[in-house]
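Engineer: Dropping in upload-v5.txt, which is compact mmCIF, C-alpha atoms:
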```txt
# COMPACT_ATOMS: atom_id res chain seq x y z
CA MET A 1 -25.97 -18.52 6.01
CA GLU A 2 -27.26 -17.01 2.78
CA LEU A 3 -29.75 -14.15 3.04
CA LYS A 4 -32.21 -15.02 0.32
CA ASP A 5 -32.89 -12.35 -2.34
CA THR A 6 -30.82 -9.86 -0.35
CA ALA A 7 -27.99 -7.62 -1.55
CA ILE A 8 -25.44 -6.28 0.92
CA PHE A 9 -24.19 -2.73 0.44
CA ILE A 10 -21.04 -1.78 2.39
CA LEU A 11 -19.93 1.85 2.65
CA SER A 12 -16.20 1.90 3.30
CA LEU A 13 -14.01 4.58 4.87
CA ASN A 14 -11.03 3.18 2.93
CA ARG A 15 -10.95 3.35 -0.84
CA PHE A 16 -11.05 -0.08 -2.43
CA ASP A 17 -7.67 0.41 -4.15
CA SER A 18 -5.82 1.76 -1.11
CA ASP A 19 -2.40 0.36 -0.25
CA LEU A 20 -3.60 -1.83 2.62
CA GLN A 21 -6.46 -4.33 2.71
CA SER A 22 -9.17 -2.91 4.96
CA THR A 23 -11.65 -4.60 7.26
CA SER A 24 -14.48 -3.50 4.96
CA TYR A 25 -12.86 -5.17 1.93
CA ASN A 26 -12.24 -8.37 3.89
CA ILE A 27 -15.83 -8.63 5.10
CA ALA A 28 -17.09 -7.78 1.61
CA LYS A 29 -15.11 -10.73 0.18
CA GLU A 30 -16.54 -13.10 2.79
CA PHE A 31 -20.13 -11.94 2.35
CA ALA A 32 -19.72 -12.37 -1.42
CA LYS A 33 -19.36 -16.14 -0.93
CA HIS A 34 -23.07 -16.27 -0.12
CA ASN A 35 -24.68 -13.00 -1.28
CA GLN A 36 -24.40 -10.29 -3.91
CA VAL A 37 -22.24 -7.54 -2.40
CA TYR A 38 -21.68 -3.94 -3.46
CA LEU A 39 -18.70 -2.21 -1.85
CA ILE A 40 -19.26 1.56 -1.97
CA ASP A 41 -16.03 3.45 -2.45
CA ASN A 42 -15.43 6.40 -0.13
CA PRO A 43 -16.47 9.27 -2.46
CA PHE A 44 -13.97 11.70 -3.91
CA THR A 45 -14.65 15.24 -2.72
CA LEU A 46 -14.04 18.33 -4.86
CA LYS A 47 -10.78 18.77 -2.96
CA ASP A 48 -9.74 15.22 -3.96
CA TYR A 49 -10.82 16.01 -7.52
CA PHE A 50 -8.27 18.81 -7.78
CA THR A 51 -5.45 17.58 -5.53
CA LEU A 52 -5.36 14.01 -6.92
CA LYS A 53 -5.80 14.98 -10.56
CA ASN A 54 -4.01 12.68 -13.03
CA THR A 55 -3.09 10.15 -10.34
CA GLU A 56 -3.92 6.48 -10.84
CA GLN A 57 -6.80 6.76 -8.35
CA TYR A 58 -8.20 9.78 -10.18
CA ASN A 59 -7.96 8.24 -13.66
CA LEU A 60 -9.78 5.11 -12.52
CA ARG A 61 -12.69 7.20 -11.22
CA LYS A 62 -12.82 10.22 -13.52
CA ASP A 63 -15.70 9.02 -15.72
CA SER A 64 -17.87 8.59 -12.59
CA PHE A 65 -17.43 12.03 -11.06
CA PHE A 66 -20.37 13.86 -12.61
CA ARG A 67 -22.76 11.01 -13.42
CA LYS A 68 -25.61 10.42 -10.99
CA GLU A 69 -25.11 6.63 -11.24
CA GLY A 70 -21.36 6.89 -10.66
CA LYS A 71 -19.55 3.84 -11.94
CA LEU A 72 -19.81 0.09 -11.34
CA LEU A 73 -16.67 -2.05 -11.41
CA ASP A 74 -16.36 -5.82 -11.54
CA THR A 75 -13.81 -7.59 -9.34
CA ASP A 76 -12.17 -10.99 -9.59
CA ILE A 77 -14.80 -12.24 -7.11
CA LYS A 78 -18.03 -13.22 -8.84
CA ASN A 79 -20.52 -11.67 -6.40
CA LEU A 80 -18.50 -8.60 -5.44
CA LYS A 81 -18.81 -5.32 -7.30
CA ILE A 82 -17.46 -1.84 -6.54
CA ILE A 83 -19.69 1.23 -6.71
CA ILE A 84 -17.77 4.47 -7.27
CA PRO A 85 -20.13 7.35 -6.40
CA PRO A 86 -20.11 10.80 -8.03
CA VAL A 87 -17.89 13.53 -6.60
CA THR A 88 -19.23 15.24 -3.45
CA LEU A 89 -18.73 18.71 -1.97
CA SER A 90 -15.79 19.46 0.33
CA VAL A 91 -17.29 20.40 3.69
CA ASN A 92 -14.93 19.34 6.46
CA PHE A 93 -13.50 22.86 6.81
CA ILE A 94 -16.94 24.15 7.91
CA PRO A 95 -17.48 24.28 11.70
CA GLU A 96 -19.88 21.78 13.27
CA GLY A 97 -23.45 23.09 13.14
CA LYS A 98 -26.51 23.55 10.95
CA ILE A 99 -24.62 24.77 7.86
CA TYR A 100 -22.25 21.78 7.91
CA ARG A 101 -25.09 19.32 8.45
CA PHE A 102 -27.17 20.90 5.65
CA ILE A 103 -24.36 20.70 3.06
CA GLN A 104 -23.35 17.23 4.17
CA LYS A 105 -26.95 16.09 3.72
CA LEU A 106 -26.68 17.26 0.09
CA ASN A 107 -23.62 15.01 -0.24
CA GLU A 108 -25.52 12.11 1.28
CA LYS A 109 -28.32 12.59 -1.23
CA ILE A 110 -25.78 12.51 -4.08
CA VAL A 111 -24.57 9.11 -2.89
CA LEU A 112 -28.14 8.00 -2.10
CA LYS A 113 -29.31 8.64 -5.69
CA CYS A 114 -26.35 6.66 -6.98
CA LEU A 115 -27.26 3.66 -4.79
CA GLN A 116 -30.96 3.92 -5.65
CA TYR A 117 -30.08 3.86 -9.34
CA HIS A 118 -28.22 0.56 -9.00
CA ILE A 119 -30.86 -0.96 -6.72
CA LYS A 120 -33.61 -0.13 -9.21
CA LYS A 121 -31.63 -1.17 -12.30
CA ARG A 122 -30.86 -4.59 -10.78
CA ASN A 123 -34.35 -5.03 -9.37
CA ILE A 124 -32.98 -5.57 -5.86
CA LYS A 125 -35.83 -6.16 -3.42
CA LYS A 126 -34.01 -6.44 -0.09
CA VAL A 127 -31.00 -4.43 1.04
CA ILE A 128 -28.75 -4.72 4.07
CA PHE A 129 -26.64 -1.60 4.49
CA ILE A 130 -23.36 -1.71 6.44
CA ASN A 131 -21.59 1.52 7.24
CA SER A 132 -18.00 0.36 7.77
CA PHE A 133 -16.65 3.18 9.94
CA ASN A 134 -17.47 5.91 7.39
CA PHE A 135 -18.99 8.31 9.91
CA HIS A 136 -18.66 11.23 7.45
CA TYR A 137 -21.93 10.09 5.80
CA ALA A 138 -23.97 9.97 9.00
CA GLU A 139 -27.50 10.04 7.54
CA LEU A 140 -26.98 7.88 4.43
CA GLY A 141 -28.06 4.61 6.07
CA SER A 142 -31.30 6.12 7.37
CA LEU A 143 -32.08 7.78 4.02
CA LEU A 144 -31.62 4.50 2.15
CA LYS A 145 -34.20 2.75 4.38
CA PRO A 146 -32.66 -0.74 4.15
CA GLN A 147 -34.13 -3.90 5.59
CA LEU A 148 -31.31 -3.82 8.16
CA TYR A 149 -28.90 -0.96 8.93
CA ILE A 150 -25.56 -1.94 10.54
CA TYR A 151 -22.68 0.19 11.77
CA ASN A 152 -19.27 -1.51 11.90
CA CYS A 153 -17.19 0.37 14.49
CA ILE A 154 -13.59 -0.55 13.71
CA ASP A 155 -11.48 2.01 15.58
CA PRO A 156 -11.71 4.96 17.94
CA ILE A 157 -11.91 8.37 16.23
CA ARG A 158 -8.45 9.82 16.80
CA VAL A 159 -7.31 11.69 13.65
CA GLU A 160 -7.72 15.47 13.90
CA TYR A 161 -9.52 15.66 10.52
CA ASP A 162 -12.06 13.06 11.67
CA MET A 163 -12.52 14.47 15.17
CA LYS A 164 -13.85 17.79 13.86
CA HIS A 165 -17.26 16.28 13.03
CA GLY A 166 -16.71 12.58 13.70
CA PHE A 167 -17.88 12.33 17.30
CA GLU A 168 -21.26 13.93 16.54
CA SER A 169 -21.64 12.00 13.27
CA GLU A 170 -20.79 8.64 14.81
CA TYR A 171 -23.20 9.27 17.69
CA ARG A 172 -26.00 9.89 15.16
CA ILE A 173 -25.19 6.67 13.30
CA VAL A 174 -24.99 4.51 16.43
CA LYS A 175 -28.29 5.98 17.67
CA ALA A 176 -30.09 5.43 14.36
CA CYS A 177 -28.89 2.01 13.18
CA ASP A 178 -30.40 -1.39 13.92
CA LEU A 179 -27.12 -3.11 14.87
CA VAL A 180 -23.67 -2.00 15.97
CA ILE A 181 -20.72 -4.36 15.49
CA CYS A 182 -17.53 -3.41 17.38
CA THR A 183 -14.08 -4.87 16.78
CA SER A 184 -12.89 -4.40 20.38
CA LYS A 185 -14.49 -4.87 23.78
CA GLN A 186 -13.71 -1.31 24.80
CA LEU A 187 -15.56 0.05 21.76
CA TYR A 188 -18.39 -2.36 22.59
CA ARG A 189 -18.58 -1.00 26.14
CA GLU A 190 -18.84 2.54 24.78
CA LYS A 191 -21.42 1.94 22.05
CA ILE A 192 -23.80 -0.31 24.00
CA LYS A 193 -24.57 2.69 26.22
CA ILE A 194 -26.05 4.38 23.12
CA ASN A 195 -27.54 1.39 21.28
CA PRO A 196 -28.55 -1.80 23.17
CA HIS A 197 -28.21 -3.85 19.96
CA THR A 198 -24.41 -3.71 20.08
CA TYR A 199 -22.17 -6.76 19.61
CA PHE A 200 -18.48 -7.55 19.84
CA ILE A 201 -16.97 -9.31 16.81
CA PRO A 202 -13.17 -8.83 16.68
CA ASN A 203 -10.95 -8.46 13.65
CA ALA A 204 -9.45 -11.57 12.07
CA ALA A 205 -6.86 -12.70 9.52
CA ASP A 206 -6.77 -13.96 5.96
CA ILE A 207 -4.82 -17.11 6.83
CA TYR A 208 -4.88 -18.49 3.28
CA HIS A 209 -3.20 -15.38 1.86
CA PHE A 210 -0.38 -15.52 4.40
CA ASN A 211 0.42 -19.17 3.76
CA ASN A 212 -0.06 -19.37 -0.01
CA ILE A 213 3.42 -18.21 -1.02
CA THR A 214 6.56 -19.67 -2.62
CA HIS A 215 10.01 -19.86 -1.01
CA HIS A 216 11.48 -17.40 -3.49
CA ILE A 217 11.45 -13.74 -2.44
CA PRO A 218 10.08 -11.46 -5.23
CA GLU A 219 12.68 -9.36 -7.05
CA ASP A 220 11.33 -6.00 -5.86
CA ILE A 221 11.92 -6.88 -2.18
CA LYS A 222 15.18 -8.82 -2.65
CA LYS A 223 16.96 -6.32 -0.33
CA LEU A 224 15.23 -8.29 2.44
CA ASN A 225 18.06 -10.81 2.10
CA ASP A 226 20.57 -8.18 3.28
CA ILE A 227 18.92 -7.77 6.68
CA LYS A 228 20.83 -9.61 9.39
CA GLY A 229 19.05 -11.71 11.98
CA PRO A 230 17.70 -12.38 14.42
CA VAL A 231 14.93 -10.18 13.01
CA ILE A 232 12.36 -8.71 15.42
CA GLY A 233 9.59 -7.57 13.08
CA TYR A 234 6.61 -5.25 13.03
CA LEU A 235 4.16 -4.90 10.14
CA GLY A 236 1.76 -1.98 9.78
CA ASN A 237 1.59 1.79 9.90
CA ILE A 238 4.42 3.38 11.84
CA GLU A 239 2.46 6.10 13.62
CA ARG A 240 1.25 7.50 16.97
CA ARG A 241 0.21 4.16 18.49
CA ILE A 242 3.78 2.88 18.76
CA ASP A 243 5.55 3.36 22.08
CA TYR A 244 8.83 4.82 20.80
CA ASN A 245 10.42 5.04 24.25
CA LEU A 246 9.77 1.33 24.72
CA LEU A 247 11.17 0.65 21.24
CA LYS A 248 14.35 2.62 22.01
CA ASP A 249 14.93 0.66 25.22
CA LEU A 250 14.31 -2.65 23.44
CA ALA A 251 16.75 -1.84 20.65
CA LEU A 252 19.46 -0.79 23.10
CA LEU A 253 18.94 -3.93 25.20
CA ASN A 254 19.20 -6.11 22.07
CA LYS A 255 22.00 -4.66 19.91
CA ASP A 256 22.62 -8.10 18.39
CA LYS A 257 19.14 -8.08 16.81
CA THR A 258 17.56 -6.09 13.97
CA PHE A 259 14.23 -4.40 14.67
CA LEU A 260 12.58 -4.37 11.24
CA PHE A 261 9.56 -2.10 10.72
CA VAL A 262 7.57 -2.69 7.53
CA GLY A 263 4.90 -0.22 6.46
CA PRO A 264 4.26 3.45 5.67
CA VAL A 265 5.95 5.86 8.08
CA GLU A 266 4.20 8.94 9.47
CA LYS A 267 7.43 10.86 9.92
CA GLU A 268 5.92 13.56 12.11
CA GLN A 269 5.04 10.86 14.68
CA VAL A 270 8.50 9.26 14.86
CA PRO A 271 10.92 10.95 17.31
CA ASP A 272 14.31 11.92 15.92
CA PHE A 273 16.16 9.71 18.41
CA ILE A 274 14.70 6.58 16.76
CA TYR A 275 16.58 7.30 13.51
CA ASP A 276 19.87 7.40 15.43
CA ILE A 277 19.54 3.78 16.61
CA SER A 278 21.44 1.62 14.11
CA ASN A 279 19.56 -1.66 14.68
CA ILE A 280 16.13 -0.14 13.96
CA VAL A 281 15.41 -0.44 10.23
CA PHE A 282 12.44 1.05 8.34
CA PHE A 283 11.81 -1.03 5.23
CA GLY A 284 8.95 1.11 3.90
CA TRP A 285 5.63 0.25 2.34
CA VAL A 286 5.11 -3.12 0.61
CA SER A 287 2.09 -4.40 -1.31
CA TYR A 288 -0.44 -6.78 0.18
CA GLU A 289 0.98 -9.57 -2.01
CA GLN A 290 4.47 -9.00 -0.57
CA VAL A 291 3.40 -8.93 3.09
CA PRO A 292 3.65 -12.73 3.68
CA TYR A 293 7.27 -12.72 2.45
CA MET A 294 8.11 -9.99 4.94
CA MET A 295 6.53 -11.96 7.79
CA ARG A 296 8.54 -15.05 6.86
CA LYS A 297 11.68 -13.00 7.54
CA PHE A 298 10.63 -12.27 11.14
CA ASP A 299 12.10 -14.46 13.87
CA VAL A 300 9.82 -12.83 16.44
CA ALA A 301 6.88 -10.51 15.65
CA ILE A 302 6.09 -7.63 17.97
CA ILE A 303 3.28 -5.15 18.68
CA PRO A 304 4.87 -2.40 20.82
CA PHE A 305 1.83 -0.13 21.27
CA LYS A 306 1.41 2.54 23.92
CA SER A 307 -0.78 1.58 26.86
CA ASP A 308 -3.45 4.30 26.82
CA GLU A 309 -7.19 4.70 26.38
CA VAL A 310 -6.90 4.72 22.57
CA SER A 311 -4.83 1.52 22.42
CA ALA A 312 -7.31 -0.15 24.79
CA THR A 313 -9.83 -0.05 21.91
CA ILE A 314 -7.51 -1.72 19.37
CA PHE A 315 -7.91 -5.34 18.28
CA PRO A 316 -5.10 -5.50 15.69
CA LEU A 317 -5.40 -7.55 12.50
CA LYS A 318 -1.67 -8.20 12.55
CA LEU A 319 -1.90 -10.28 15.74
CA PHE A 320 -3.64 -13.20 13.99
CA GLU A 321 -1.68 -12.64 10.79
CA TYR A 322 1.56 -13.16 12.73
CA LEU A 323 0.15 -16.27 14.38
CA GLY A 324 -1.18 -17.55 11.06
CA VAL A 325 2.36 -17.99 9.74
CA GLY A 326 3.45 -19.58 13.02
CA LYS A 327 5.54 -16.66 14.29
CA PRO A 328 6.17 -16.04 18.00
CA VAL A 329 4.44 -12.82 19.10
CA VAL A 330 5.38 -10.45 21.93
CA CYS A 331 3.18 -7.43 22.74
CA SER A 332 3.06 -4.56 25.15
CA ASN A 333 0.09 -4.93 27.49
CA PHE A 334 -1.96 -2.32 25.62
CA ASN A 335 -5.28 -4.20 25.56
CA PRO A 336 -5.98 -6.82 28.25
CA ASP A 337 -9.03 -8.02 26.27
CA LEU A 338 -6.74 -9.72 23.73
CA GLU A 339 -5.43 -12.38 26.10
CA PRO A 340 -8.44 -14.76 26.06
CA PHE A 341 -8.20 -14.98 22.25
CA THR A 342 -4.53 -16.02 22.25
CA LYS A 343 -4.78 -18.71 24.95
CA GLY A 344 -1.39 -18.13 26.55
CA ILE A 345 0.63 -18.44 23.32
CA VAL A 346 1.31 -14.66 23.09
CA LYS A 347 3.41 -12.86 25.72
CA TYR A 348 2.10 -9.48 26.99
CA CYS A 349 4.68 -7.28 28.73
CA ASN A 350 4.56 -4.18 30.94
CA ASP A 351 8.11 -2.86 30.51
CA ALA A 352 11.20 -3.04 28.29
CA GLN A 353 13.05 -5.63 30.38
CA SER A 354 10.17 -8.14 30.47
CA PHE A 355 9.58 -7.47 26.74
CA SER A 356 13.27 -8.14 26.01
CA ASP A 357 13.24 -11.31 28.11
CA ALA A 358 10.14 -12.54 26.27
CA ILE A 359 11.79 -11.97 22.88
CA GLN A 360 14.86 -13.95 23.95
CA ASP A 361 12.71 -16.75 25.35
CA GLU A 362 10.79 -17.04 22.06
CA LEU A 363 14.03 -17.13 20.07
CA THR A 364 15.44 -19.86 22.31
CA ASN A 365 12.33 -22.02 22.67
CA ASN A 366 10.52 -21.76 19.34
CA ILE A 367 9.65 -25.45 19.10
CA GLU A 368 7.38 -27.02 16.45
CA GLU A 369 4.63 -27.66 18.99
CA LYS A 370 4.37 -23.91 19.63
CA VAL A 371 4.35 -23.15 15.90
CA ASN A 372 1.43 -25.53 15.37
CA GLN A 373 -0.41 -24.09 18.35
CA ARG A 374 -0.11 -20.55 16.95
CA ILE A 375 -1.43 -21.63 13.55
CA SER A 376 -4.30 -23.45 15.24
CA ILE A 377 -5.30 -20.34 17.23
CA ALA A 378 -5.14 -18.19 14.09
CA ALA A 379 -7.40 -20.70 12.32
CA GLU A 380 -10.05 -19.99 14.96
CA ASN A 381 -9.87 -16.29 14.15
CA THR A 382 -10.41 -16.08 10.39
CA TRP A 383 -12.70 -13.72 8.49
CA GLU A 384 -14.78 -16.76 7.57
CA SER A 385 -15.52 -17.49 11.23
CA ARG A 386 -16.26 -13.81 11.97
CA ILE A 387 -18.76 -13.55 9.12
CA LYS A 388 -20.50 -16.71 10.33
CA ASP A 389 -20.99 -14.97 13.68
CA LEU A 390 -22.29 -11.86 11.94
CA TYR A 391 -24.72 -13.87 9.79
CA LYS A 392 -26.17 -15.39 12.97
CA ILE A 393 -26.76 -11.96 14.47
CA ILE A 394 -28.30 -10.66 11.24
CA HIS A 395 -30.66 -13.65 10.94
CA HIS A 396 -31.68 -13.26 14.58
CA HIS A 397 -32.60 -9.58 14.10
CA LEU A 398 -34.40 -10.15 10.80
CA GLU A 399 -36.51 -12.85 12.44
CA LYS A 400 -37.40 -10.46 15.25
```
Go ahead and render the structure in this file as structure tokens.
Structural biologist:
Amino acid sequence: MELKDTAIFILSLNRFDSDLQSTSYNIAKEFAKHNQVYLIDNPFTLKDYFTLKNTEQYNLRKDSFFRKEGKLLDTDIKNLKIIIPPVTLSVNFIPEGKIYRFIQKLNEKIVLKCLQYHIKKRNIKKVIFINSFNFHYAELGSLLKPQLYIYNCIDPIRVEYDMKHGFESEYRIVKACDLVICTSKQLYREKIKINPHTYFIPNAADIYHFNNITHHIPEDIKKLNDIKGPVIGYLGNIERRIDYNLLKDLALLNKDKTFLFVGPVEKEQVPDFIYDISNIVFFGWVSYEQVPYMMRKFDVAIIPFKSDEVSATIFPLKLFEYLGVGKPVVCSNFNPDLEPFTKGIVKYCNDAQSFSDAIQDELTNNIEEKVNQRISIAAENTWESRIKDLYKIIHHHLEK
């Protein structure tokens, strides 16, 4: 699989020290098993410089802000390093058009010079550049002139901040790059119309992380012991994708069960009536290390997403993470493309009653054979297997 004498540079939309492990960080770790990898941190803007001053994130980066080479950090993985670029200009408030594109190109050149410095210093001859859903830096991949330029399309653009320039920027990237890798079939269907070299490689799970835990719950989440079962659990951001009307109906149909939601809450997205339902519990954010302990508490794991055109593009990481610890999974029927990957072991439901019936069935019939089948399916959907698929595509295009 190794790409001889080649370094892989991955520009991430998420910052490397963000609360949740991102797709870009997971693929960086896998690539680092075979190649030298540089994960490029999403640059601080001048706005970040002032609004995040004296935070932990700021202090870690402050000696990189005004140096053309930025800062290089080692990680606990031998072949993986973090590049923290210099600070860039805040431009998102400017309307789409020539002025925005001109100033953003200045930002791209700031990051470009940083990358060129490290490439030259380390005498790197061949570069593969992966833009991991950071559509804000639309021209950077073309300016770098890598041996292969890849865009990893992870999600639809749906946040208002991103939509202002994101659609135009992403179009430019997809048009210009050599390969597009999409994490859902719906995204694949959209992008292949723009770039014929588009492939579908779904998200996966870090199975080892979710099984390598002790039986003792860490002190800082000991309140988990106070939650009464059966526990119907959800892990992830509590935000616009969740079907709150469905959740309300489920909770009222199952008053003997606790619906436990673990993750950061976007309060403006959660209707007031949800807080009035006593068997819906918001646990709050937990660290990546604590996540497996939370999953162990679930009797049934759920993904109650809305069925709409945005959800149809989602291939959630949590699906295989749930299965990786052997948990029964019940989902709303938000993305029909998921079903072939779960081989009948996951129940997909169209309404609250069928969802409720599926939860009860999983609680009643959670036999060891099913547990083993779930773990087996998750083992087919690891980051290791996904990167093998990506290496094959990369080798094929480099040979061409």
Engineer: When you count all atoms listed in the file, which of these residues is closest to Tyr391 in chain A: A:Met295, A:Ile128, A:Leu52, A:Ile119?
Structural biologist: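 Result for the nearest residue to Tyr391 in chain A: A:Ile128.
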Engineer: Could you tell me how far CA of Lys193 in chain A lies from CA of Ile150 in chain A, in Å and to one decimal?
Structural biologist: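 Between these atoms lies a distance of 16.4 Å.
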Engineer: Show which residues sit within 12 Å of Ala204 in chain A, as a PyMOL selection string. Count all atoms listed in the file, and ignore same-chain residues fewer than 3 positions away.
Structural biologist: chain A and resi 22-24+26-27+30+154+183-184+201+207+315-324+341+377-387
Engineer: Using all atoms listed in the file, which residues sit within 9 Å of Cys349 in chain A once same-chain residues fewer than 4 positions away are excluded, as a ChimeraX atom specification?
Structural biologist: /A:330-334,353-355,358
Engineer: Which neighbours of His34 in chain A fall inside 8 Å, counting all atoms listed in the file, when residues of the same chain fewer than 3 positions from it are skipped, and could you give them as JSON, numbers by chain?
Structural biologist: {"A": [1, 2, 3, 30, 31]}
